Amino acid sequence: MNSLRTGYIYHELFGWHDTGTQAGMFPTDPSRGLQPFVNYENAETKRRIHELIVVSGLIDNLDRRTPRHATFEELLLVHPAEYLNQLKKTSDQEFGGDAGDGETPLAKGGYEIGTLAVGAVTQLIQDSLAGHIDNGYALVRPPGHHAVRAGGMGYCLFSNLGVAISVAKKENPGIRIAVVDWDVHHGNGTQDIFYDDEDVLTISLHQDRLYPRKTGGREERGVGTNINIPLPAGTGNGGYLYAFETVIRPALKKFKPDLIAVASGFDSSVYDPLGRMLVTAKGFAQMTEILMESAADTAKNRLVIAHEGGYNAVYSPFCGLFVLQQLSGIHKLDDPFSHTDTYPGQALFPHQKSEIDLANPLNP
Ligand SMILES: [Zn+2]
């Protein structure tokens with residue numbers, strides 16, 4: 001057990017962001033055989049993570065914070081006024097609309113729910129820097145890591161972490177922040193926003209060319225502070241932990257961040273419908289543990305995790321619970337699906353090792 005103070009933010013309104021009726025990821029279209037169902041990005045996974053945190057009793061050991069909305073001025077640190085005004089207009093319409101790429105639906109009021117998600121992540125980082133908490137988890141929705149400066153993308157209305165980090169940088173001149181993105185998709189938005197910024201280290205490990213299809217390559221290094229680790233489909237705990245030990249831990253040691261942020265998608269989990277990876281709840285806890293050690297090393301234990309993707313409503317709650325159990329040092333429940341920890345595919349395979357070694361800036 002550690003004695004760290006772990007902050008936690010969730011708000012019921014995050015579940016009210018309405019992505020509508022869809023055939024998973026496409027609009028319903030009988031002419032193409034696309035039957036109406038739910039959007040993969042719906043409230044259920046997030047709501048059920050929160051409910052497991054409550055029902056397990058872990059909630060009593062967390063410092064629950066109340067989120068606030070991000071201000072227009074804070075959003076302007078990343079997104080242009082034209083986009084914000086257009087999105088607000090869309091959000092005010094009776095039936096909502098889309099944030100720009102045709103794959104980011106929102107219903108009426110989606111703008112305000114989005115600003116609450118940005119505000120929650122911003123606040124948790126502020127709370128950590130102010131010493132009110134050590135580490136923490138912002139269970140927010142909609143997600144943020146695909147949104148670029150110019151607009152929304154891939155279910156993301158705003159760059160939650162992009163705005164939160166920009167606010168932290170404005171309030172704390174000279175601060176250095178690292179972002180580790182373990183969502184199965186490339187953290188293209190965070191990369192885009194901080195590509196020329198030497199004070200923000202962005203690291204994304206993701207299934208190679210899953211989404212977006214054209215970003216996330218190893219050669220995208222910005223000013224030397226962007227690291228992409230594209231992983232072959234089928235990578236499990238062995239491959240992820242090898243990347244954390246040989247690439248991420250040394251990169252953090254060298255960069256010496258004052259705070260480590262995480263873009264936390266559980267769509268890299270073994271049961272996710274949108275990814276083809278094998279990470280288990282235990283694997284997410286082990287990755288969290290490594291980042292906690294790095295945060296203890298240079299960042300006074302400041303580790304703030306922002307929720308992103310994760311689309312299996314049964315398994316995602318255990319991934320979230322395991323990350324929060326690790327952050328708080330308090331164990332409430334085991335993973336009923338722990339047989340997946342011993343799948344043969346969890347080993348580090350040579351083709352995975354060679355890809356990770358090629359992505360390692362320590363191996364020029
Ligand atoms: Zn994702």
# chains A, B, ... in the order shown; residues from 1 in each chain; ligands from 1
>>> residues_around(residues="A:Leu362", least_positions_apart="5", cutoff="12 Å", atoms="only C-alpha atoms", output="list in words")
Gly224, Ile227, Thr246, Val247, Ile248, Arg249, Pro250, Ala251, Lys254, Ile356 and Asp357 of chain A
>>> write_last_selection(atoms="C-alpha atoms", output="PDB file, in the first residue's frame")
ATOM      1  CA  GLY A 224      12.670  15.304 -30.972  1.00  0.00           C
ATOM      2  CA  ILE A 227       7.757   9.185 -30.048  1.00  0.00           C
ATOM      3  CA  THR A 246      12.955  -0.125 -22.997  1.00  0.00           C
ATOM      4  CA  VAL A 247      11.460   2.978 -24.644  1.00  0.00           C
ATOM      5  CA  ILE A 248       9.068   4.846 -22.338  1.00  0.00           C
ATOM      6  CA  ARG A 249      10.841   4.562 -18.966  1.00  0.00           C
ATOM      7  CA  PRO A 250      14.213   5.724 -20.403  1.00  0.00           C
ATOM      8  CA  ALA A 251      12.544   8.488 -22.467  1.00  0.00           C
ATOM      9  CA  LYS A 254      15.814  11.660 -19.984  1.00  0.00           C
ATOM     10  CA  ILE A 356       9.661  -1.673 -30.747  1.00  0.00           C
ATOM     11  CA  ASP A 357      13.461  -1.548 -31.025  1.00  0.00           C
TER      12      ASP A 357
END
>>> residues_near_ligand(ligand="ligand 1", cutoff="9 Å", atoms="only C-alpha atoms and all ligand atoms", output="PyMOL selection string")
chain A and resi 143+145-146+154+182-187+206+211+264-268+274-275+308-311
>>> select_by_dssp(residues="stretch 19-67 of chain A", states="helix (DSSP H, G or I)", output="list in words")
Pro30, Ser31, Arg32, Glu44, Thr45, Lys46, Arg47, Arg48, Ile49, His50, Glu51, Leu52, Ile53, Val54, Val55, Leu58, Ile59, Asp60 and Asn61 of chain A
>>> select_by_dssp(residues="stretch 46-144 of chain A", states="strand (DSSP E or B)", output="compact mmCIF listing (two decimals) with C-alpha atoms, in the first residue's frame")
# COMPACT_ATOMS: atom_id res chain seq x y z
CA ASP A 63 -10.51 11.98 -3.42
CA ARG A 64 -13.55 12.67 -5.57
CA GLY A 97 -24.93 17.33 -35.90
CA ASP A 98 -21.27 16.41 -36.39
CA PRO A 105 -21.68 12.99 -33.86
CA LEU A 106 -23.14 15.08 -31.08
CA ASN A 135 -2.16 11.20 -8.96
CA GLY A 136 -5.65 10.82 -10.37
CA TYR A 137 -8.08 9.59 -13.01
CA ALA A 138 -10.52 11.74 -14.98
>>> residues_around(residues="A:Gly110", least_positions_apart="3", cutoff="12 Å", atoms="only C-alpha atoms", output="VMD selection string")
chain A and resid 13 to 20 87 to 99 104 to 107 113 to 117 141 to 142 155 to 158
>>> closest_residue(among="A:Asp297, A:Glu289, A:Asp196, A:Asp127", to="A:Pro67", atoms="only C-alpha atoms")
A:Asp127
>>> closest_residue(among="A:Val118, A:His132, A:Ala313, A:Val167", to="A:Ala43", atoms="only C-alpha atoms")
A:Ala313
>>> atom_distance(atom1="atom CA of A:Tyr240", atom2="atom CA of A:Gly222")
23.0 Å
>>> closest_residue(among="A:Arg47, A:Arg302, A:Arg32, A:His69", to="A:Gln126", atoms="only C-alpha atoms")
A:Arg302
>>> closest_residue(among="A:Gly236, A:Gly162, A:Gly320, A:Gly217", to="A:Val148", atoms="only C-alpha atoms")
A:Gly162
>>> atom_distance(atom1="atom CA of A:Asp60", atom2="atom CA of A:Gly7")
11.2 Å
